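Read through the structure below, which is laid out as structure tokens, and then see the notes.
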Amino acid sequence: MSPELINLIIQATGETLFMVGIAAALGTVFGLPLGVFLATSRKGELFAAPAVNAALGMVVNATRSTPFIILVVAIIPFTRLIAGTSIGSTAAIVPLTIASAPFIARLVEAAIREVDGGLIETASSFGASPIQIVFKVLIPEALPGLLLALTLAVVSLLGYSAMVGAVGGGGLGDLGIRYGYQRFMPEMMLAVVVVLIALVQLVQSAGDYLARRVNRRLRHR
Amino acid sequence: MKAAPMNAHPSLVIGDPYEIRDTATADAMVRFEKISKTYPAYRGKPGVDALQGIDFAIARGSITGVIGRSGAGKSSLVRLINGLEKPTTGRIVVDSKDISALTGRDLRHAQRSIGMIFQHFNLLSSRTAADNIALPLEIAGWSKADIRARVTELLALVGIADKHDRYPSELSGGQKQRVGIARALATRPNVLLSDEATSALDPQTTRAILDLLANINRELGVTIVLITHEMSVVRQLAKDVVVLDAGHIVESGHVADIFTHPKNPITQSFLAEVTGDSLPVSLASRIVQEPGSHAVIRVQVRGAGAGDTLIARLARELGLDVSLLSARIDEIGGHHVGSLVLGIPLGISRGEDAAARTLAWLSQYQISAERLGYVA
């Protein structure tokens, strides 16, 4: 493979990491609080607001059931408003964030719900406020689950980021389609797939390692 | 001049609504006043009357057992004390504060003077022993230096100074409960609530934890409320006991009185669990229900040496050759309680009469006794 093509792969990998990294960070910024709220706002819970819970749940479900490629196209005006353009890696961050935040929220909700309810009662019994319970009990106790959730979200975003290539988003998916498919360069297609596999492996291993490190429920020294 | 307002409770000084200055309640740490608690019907499940007509006081510095079967209302009762639940009617006064009327910040502040320990310890798996103990102090806003000093002190108090940096997954059940106790005592509460705290522990560890609680009560003067379904726990630790059944108090009083004179069948069934095993197997296997040569009568006596002269007097006054089949003396609630099993000879001439006369004679002295059966 020529040095030019290798440069293209390196450049595309950088774009993918940029899109996925920023989208995962923003998705967490919106998804984490949303997930914590969804996990604590049903009837009788810490921030009981069943109506708001149901409404937000519906918005989350609607976003998650919209196929990503349709979401990308449907929100082009909004993307242009936020990013100033609807083409390129920076613009792609907008739909990636909008798709990942509800996904992360649901994963966070599941991880938070795993925390033993007895611990919430315990903290309440010595006068902890709901906010203190979130930051001192729920998030630290759910941390291994939260790290695995974030890992899963990043892996999914790597997949989504390949799709934004279809609307000129750049990155590895874009490269694979344009060179590998449209210019009949199967070696390029293969290279893109290999890089993506390596990235997913790396992210998953790092996530598993971190989750195991913070999990004190297991005996280890 | 304005007339003094009429008041249903003349001794109650109205002013600060949460501060009750009543001489009658001055020595009560926890006071339940005409409490009822009803859980409303929800999603097809019918409503539940968890507690009804609860009206009693827990003395400052005492150890009080609350015993009942599961579903008797014990958990509701203890959660009313620390304000995790509100009564449907009535009020709960804890350390002169009406906790049932407090909400938000005021309630959270009051909760810091009420510690609680749990059956399943409820420790945070993500924190070391020391950091678990630090949690209520962080919540109360203590400084880092103060927390460090207090945690070291508490670890020593509960006898696990060497487990400072251990995570709960590295501790035994007894050690976890010691962390739980240290955490509950961290903010120097006046009341310690124990919700089945030894139910998940083996008998030896249970004994050690109950001894620790007794020490804490003695040295720190903390009022302890023990929620349990085991009479043996009440016997070892408590001075007073409240027996709950189906949301009602069926019996309450000093542990030694309840053990020697149980009135309610529920109480008797709880007592059977701890005293039922007091008959030696060799004797228990010989007891039958058809009349034999001797009637077997169990007598509960109270106070040191209370049983000493009983057999002699019984023999002299009724002219019976009473034999002592079994005896044991326990210390219950700080009193000596003896359980004597007597054999009353049923001669052909005296017949059934001798056993009946013995029971009548005992009841005349308010000594509780029961006929267990006969031996051949």
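By order in the structure tokens, chains are A, B, ...; within a chain, residues start at 1; ligands start at 1, following the order shown.
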Within 8 Å of region 104-107 of chain A, counting only C-alpha atoms, which residues qualify if same-chain residues fewer than 3 places away don't, as a PDB file with N, CA and C atoms, in the first residue's frame?
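Contents of selection16.pdb, freshly written:
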ATOM      1  N   GLY A  27     -21.933  13.121  25.099  1.00  0.00           N
ATOM      2  CA  GLY A  27     -23.010  12.171  25.388  1.00  0.00           C
ATOM      3  C   GLY A  27     -23.057  11.837  26.868  1.00  0.00           C
ATOM      4  N   THR A  28     -21.882  11.737  27.500  1.00  0.00           N
ATOM      5  CA  THR A  28     -21.820  11.451  28.929  1.00  0.00           C
ATOM      6  C   THR A  28     -22.297  12.661  29.735  1.00  0.00           C
ATOM      7  N   PHE A  30     -24.495  14.822  28.939  1.00  0.00           N
ATOM      8  CA  PHE A  30     -25.962  14.872  28.938  1.00  0.00           C
ATOM      9  C   PHE A  30     -26.578  13.564  29.455  1.00  0.00           C
ATOM     10  N   GLY A  31     -25.969  12.449  29.099  1.00  0.00           N
ATOM     11  CA  GLY A  31     -26.565  11.143  29.389  1.00  0.00           C
ATOM     12  C   GLY A  31     -26.462  10.727  30.850  1.00  0.00           C
ATOM     13  N   LEU A  32     -25.349  11.085  31.508  1.00  0.00           N
ATOM     14  CA  LEU A  32     -25.171  10.660  32.900  1.00  0.00           C
ATOM     15  C   LEU A  32     -26.241  11.251  33.825  1.00  0.00           C
ATOM     16  N   PRO A  33     -26.399  12.595  33.828  1.00  0.00           N
ATOM     17  CA  PRO A  33     -27.447  13.138  34.705  1.00  0.00           C
ATOM     18  C   PRO A  33     -28.840  12.637  34.319  1.00  0.00           C
ATOM     19  N   LEU A  34     -29.077  12.518  32.993  1.00  0.00           N
ATOM     20  CA  LEU A  34     -30.380  12.030  32.535  1.00  0.00           C
ATOM     21  C   LEU A  34     -30.619  10.608  33.049  1.00  0.00           C
ATOM     22  N   GLY A  35     -29.581   9.775  32.944  1.00  0.00           N
ATOM     23  CA  GLY A  35     -29.704   8.391  33.407  1.00  0.00           C
ATOM     24  C   GLY A  35     -29.929   8.321  34.907  1.00  0.00           C
ATOM     25  N   VAL A  36     -29.184   9.131  35.672  1.00  0.00           N
ATOM     26  CA  VAL A  36     -29.360   9.146  37.130  1.00  0.00           C
ATOM     27  C   VAL A  36     -30.782   9.580  37.462  1.00  0.00           C
ATOM     28  N   LEU A  38     -33.482   9.325  35.516  1.00  0.00           N
ATOM     29  CA  LEU A  38     -34.429   8.263  35.142  1.00  0.00           C
ATOM     30  C   LEU A  38     -34.452   7.156  36.192  1.00  0.00           C
ATOM     31  N   SER A 100     -26.022   9.270  21.089  1.00  0.00           N
ATOM     32  CA  SER A 100     -25.373   8.558  22.194  1.00  0.00           C
ATOM     33  C   SER A 100     -25.928   8.949  23.563  1.00  0.00           C
ATOM     34  N   ALA A 101     -26.377  10.192  23.739  1.00  0.00           N
ATOM     35  CA  ALA A 101     -26.839  10.623  25.063  1.00  0.00           C
ATOM     36  C   ALA A 101     -27.981   9.753  25.602  1.00  0.00           C
ATOM     37  N   ALA A 110     -29.669   1.685  34.138  1.00  0.00           N
ATOM     38  CA  ALA A 110     -29.589   0.269  34.526  1.00  0.00           C
ATOM     39  C   ALA A 110     -28.499   0.064  35.585  1.00  0.00           C
ATOM     40  N   ALA A 111     -27.351   0.721  35.415  1.00  0.00           N
ATOM     41  CA  ALA A 111     -26.248   0.560  36.370  1.00  0.00           C
ATOM     42  C   ALA A 111     -26.627   1.108  37.740  1.00  0.00           C
ATOM     43  N   LEU A 146     -20.947   1.692  35.477  1.00  0.00           N
ATOM     44  CA  LEU A 146     -20.925   2.911  34.663  1.00  0.00           C
ATOM     45  C   LEU A 146     -19.770   2.874  33.662  1.00  0.00           C
ATOM     46  N   ALA A 149     -20.679   0.632  30.919  1.00  0.00           N
ATOM     47  CA  ALA A 149     -21.686   1.287  30.086  1.00  0.00           C
ATOM     48  C   ALA A 149     -21.013   2.254  29.116  1.00  0.00           C
ATOM     49  N   LEU A 150     -20.063   3.018  29.639  1.00  0.00           N
ATOM     50  CA  LEU A 150     -19.358   3.996  28.802  1.00  0.00           C
ATOM     51  C   LEU A 150     -18.555   3.279  27.711  1.00  0.00           C
ATOM     52  N   ALA A 153     -20.848   2.294  25.046  1.00  0.00           N
ATOM     53  CA  ALA A 153     -21.262   3.464  24.281  1.00  0.00           C
ATOM     54  C   ALA A 153     -20.181   3.858  23.276  1.00  0.00           C
TER      55      ALA A 153
END
Interface, chain B side, toward chain A (8 Å; only C-alpha atoms) as a list of chain:residue names: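 Residues passing the distance filter: B:Asn82, B:Gly83, B:Leu84, B:Leu107, B:Arg108, B:His109, B:Ala110, B:Gln111, B:Arg112, B:Ile114, B:Gly115, B:Met116, B:Asn122, B:Leu123, B:Leu124, B:Ser125, B:Ser126, B:Arg127, B:Leu135, B:Pro136, B:Ile139, B:Ala140, B:Tyr167, B:Pro168, B:Ser169, B:Glu170, B:Ala184.
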All strand (DSSP E or B) positions in region 42-160 of chain B, as a ChimeraX atom specification: /B:42,45,48-59,63-67,89-94,97-98,114-118
Write out the residues from the selection above, keeping N, CA and C atoms, as a short mmCIF file (atom, residue, chain, number, x, y, z; two decimals), in the first residue's frame.
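Written out: part_34.cif:
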data_model
loop_
_atom_site.label_atom_id
_atom_site.label_comp_id
_atom_site.auth_asym_id
_atom_site.auth_seq_id
_atom_site.Cartn_x
_atom_site.Cartn_y
_atom_site.Cartn_z
N TYR B 42 -52.21 0.19 46.74
CA TYR B 42 -51.39 0.64 45.62
C TYR B 42 -51.31 -0.44 44.56
N LYS B 45 -52.83 -3.83 45.17
CA LYS B 45 -52.58 -4.43 46.48
C LYS B 45 -53.41 -3.68 47.53
N VAL B 48 -52.56 -1.65 54.03
CA VAL B 48 -52.14 -2.45 55.17
C VAL B 48 -52.09 -1.56 56.41
N ASP B 49 -52.76 -2.00 57.48
CA ASP B 49 -52.62 -1.32 58.76
C ASP B 49 -51.41 -1.91 59.46
N ALA B 50 -50.25 -1.25 59.31
CA ALA B 50 -49.01 -1.82 59.85
C ALA B 50 -48.93 -1.67 61.36
N LEU B 51 -49.39 -0.54 61.87
CA LEU B 51 -49.31 -0.29 63.32
C LEU B 51 -50.61 0.38 63.78
N GLN B 52 -51.05 0.00 64.98
CA GLN B 52 -52.26 0.62 65.52
C GLN B 52 -52.14 0.79 67.03
N GLY B 53 -52.56 1.97 67.50
CA GLY B 53 -52.62 2.22 68.93
C GLY B 53 -51.30 2.04 69.65
N ILE B 54 -50.19 2.47 69.01
CA ILE B 54 -48.87 2.32 69.64
C ILE B 54 -48.64 3.51 70.56
N ASP B 55 -48.49 3.25 71.84
CA ASP B 55 -48.35 4.30 72.82
C ASP B 55 -47.42 3.82 73.91
N PHE B 56 -46.14 4.15 73.79
CA PHE B 56 -45.21 3.75 74.85
C PHE B 56 -43.95 4.60 74.79
N ALA B 57 -43.15 4.50 75.84
CA ALA B 57 -41.95 5.32 75.91
C ALA B 57 -40.73 4.43 76.13
N ILE B 58 -39.61 4.86 75.58
CA ILE B 58 -38.35 4.16 75.77
C ILE B 58 -37.46 5.05 76.63
N ALA B 59 -37.04 4.53 77.78
CA ALA B 59 -36.31 5.36 78.74
C ALA B 59 -34.93 5.71 78.23
N ILE B 63 -31.84 -0.22 77.25
CA ILE B 63 -31.80 -1.11 76.09
C ILE B 63 -33.17 -1.77 76.02
N THR B 64 -33.91 -1.47 74.97
CA THR B 64 -35.27 -1.97 74.85
C THR B 64 -35.37 -2.90 73.63
N GLY B 65 -35.90 -4.07 73.86
CA GLY B 65 -36.11 -5.00 72.75
C GLY B 65 -37.52 -4.84 72.19
N VAL B 66 -37.63 -4.87 70.89
CA VAL B 66 -38.95 -4.90 70.24
C VAL B 66 -38.98 -6.21 69.48
N ILE B 67 -39.84 -7.13 69.94
CA ILE B 67 -39.85 -8.46 69.35
C ILE B 67 -41.18 -8.74 68.68
N THR B 89 -51.27 8.61 61.99
CA THR B 89 -51.77 9.48 63.05
C THR B 89 -50.82 9.39 64.24
N GLY B 90 -50.90 10.37 65.12
CA GLY B 90 -50.05 10.39 66.31
C GLY B 90 -48.71 11.02 66.02
N ARG B 91 -47.82 11.01 67.03
CA ARG B 91 -46.50 11.59 66.81
C ARG B 91 -45.43 10.84 67.58
N ILE B 92 -44.19 11.01 67.16
CA ILE B 92 -43.06 10.36 67.80
C ILE B 92 -42.11 11.45 68.27
N VAL B 93 -41.83 11.41 69.56
CA VAL B 93 -40.94 12.40 70.14
C VAL B 93 -39.61 11.70 70.44
N VAL B 94 -38.54 12.15 69.80
CA VAL B 94 -37.23 11.57 70.03
C VAL B 94 -36.34 12.65 70.62
N LYS B 97 -37.71 16.06 70.61
CA LYS B 97 -38.06 16.66 69.31
C LYS B 97 -39.14 15.80 68.65
N ASP B 98 -40.17 16.48 68.13
CA ASP B 98 -41.23 15.76 67.44
C ASP B 98 -40.75 15.42 66.03
N ILE B 114 -29.49 10.01 65.52
CA ILE B 114 -30.08 8.68 65.61
C ILE B 114 -29.28 7.75 64.70
N GLY B 115 -28.53 6.82 65.29
CA GLY B 115 -27.74 5.88 64.49
C GLY B 115 -28.55 4.62 64.21
N MET B 116 -28.16 3.91 63.16
CA MET B 116 -28.90 2.68 62.85
C MET B 116 -27.96 1.62 62.28
N ILE B 117 -28.16 0.37 62.73
CA ILE B 117 -27.41 -0.75 62.15
C ILE B 117 -28.40 -1.75 61.57
N PHE B 118 -27.91 -2.52 60.58
CA PHE B 118 -28.83 -3.29 59.74
C PHE B 118 -28.44 -4.77 59.71
#
Point-to-point distance in Å for CA of Met185 (chain A) and CA of Thr90 (chain A):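 We find that CA of Thr90 (chain A) and CA of Met185 (chain A) lie 27.0 Å from each other.
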Non-local contacts of region 144-159 of chain B (9 Å; only C-alpha atoms; under 4 positions in same chain excluded) as a PyMOL selection string: chain B and resi 129-131+133-134+137-138+163-164+175+178-179+181-183+185-186+212+216
Alpha helix (DSSP H) call set, DSSP backbone run, region 2-136 of chain A, as a VMD selection string: chain A and resid 3 to 40 50 to 65 68 to 74 76 to 83 89 to 113 117 to 125 130 to 133
Å distance separating CA of Thr63 (chain A) from CA of Gly207 (chain A), one decimal place: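 Separation of CA of Thr63 (chain A) and CA of Gly207 (chain A): 25.6 Å.
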One-decimal distance in Å that lies between CA of Leu152 (chain A) and CA of Arg213 (chain A):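 Here the two named atoms are 17.3 Å from each other.
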Closest-contact table, region 310-371 of chain B side, partner region 250-255 of chain B, 10 Å, counting only C-alpha atoms, as JSON lines:
{"residue": "B:Ile332", "atom": "CA", "partner": "B:Val255", "partner_atom": "CA", "distance": 6.7}
{"residue": "B:Gly333", "atom": "CA", "partner": "B:Val255", "partner_atom": "CA", "distance": 5.5}
{"residue": "B:Gly334", "atom": "CA", "partner": "B:Val255", "partner_atom": "CA", "distance": 8.9}
{"residue": "B:His335", "atom": "CA", "partner": "B:Val255", "partner_atom": "CA", "distance": 8.9}
Could you please take those selected residues and save N, CA and C atoms as a PDB file, in the first residue's frame?
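As a result, part25.pdb now contains:
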ATOM      1  N   ILE B 332     -31.354 -12.698  83.258  1.00  0.00           N
ATOM      2  CA  ILE B 332     -32.177 -12.082  82.218  1.00  0.00           C
ATOM      3  C   ILE B 332     -32.477 -10.658  82.635  1.00  0.00           C
ATOM      4  N   GLY B 333     -32.109  -9.712  81.771  1.00  0.00           N
ATOM      5  CA  GLY B 333     -32.369  -8.305  82.080  1.00  0.00           C
ATOM      6  C   GLY B 333     -31.806  -7.912  83.426  1.00  0.00           C
ATOM      7  N   GLY B 334     -30.670  -8.502  83.823  1.00  0.00           N
ATOM      8  CA  GLY B 334     -30.014  -8.148  85.069  1.00  0.00           C
ATOM      9  C   GLY B 334     -30.585  -8.853  86.297  1.00  0.00           C
ATOM     10  N   HIS B 335     -31.588  -9.729  86.082  1.00  0.00           N
ATOM     11  CA  HIS B 335     -32.160 -10.465  87.210  1.00  0.00           C
ATOM     12  C   HIS B 335     -31.882 -11.948  87.050  1.00  0.00           C
TER      13      HIS B 335
END
Polymer residues at most 10 Å from Gly221 (chain B), only C-alpha atoms, same-chain spacing of 4 or more positions, as a PyMOL selection string: chain B and resi 60-63+190-191+214-217
How would the residues just chosen look if you wrote them out with C-alpha atoms as a PDB file, in the first residue's frame?
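Produced file selection.pdb, reproduced below:
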ATOM      1  CA  ARG B  60     -33.120   7.385  78.244  1.00  0.00           C
ATOM      2  CA  GLY B  61     -30.066   5.146  78.419  1.00  0.00           C
ATOM      3  CA  SER B  62     -32.073   1.914  78.340  1.00  0.00           C
ATOM      4  CA  ILE B  63     -31.800  -1.110  76.090  1.00  0.00           C
ATOM      5  CA  ASN B 190     -28.231   9.537  71.486  1.00  0.00           C
ATOM      6  CA  VAL B 191     -30.174   6.620  70.068  1.00  0.00           C
ATOM      7  CA  ALA B 214     -23.924  -3.715  75.932  1.00  0.00           C
ATOM      8  CA  ASN B 215     -20.522  -2.048  76.424  1.00  0.00           C
ATOM      9  CA  ILE B 216     -21.488   0.850  74.203  1.00  0.00           C
ATOM     10  CA  ASN B 217     -24.705   1.332  76.162  1.00  0.00           C
TER      11      ASN B 217
END
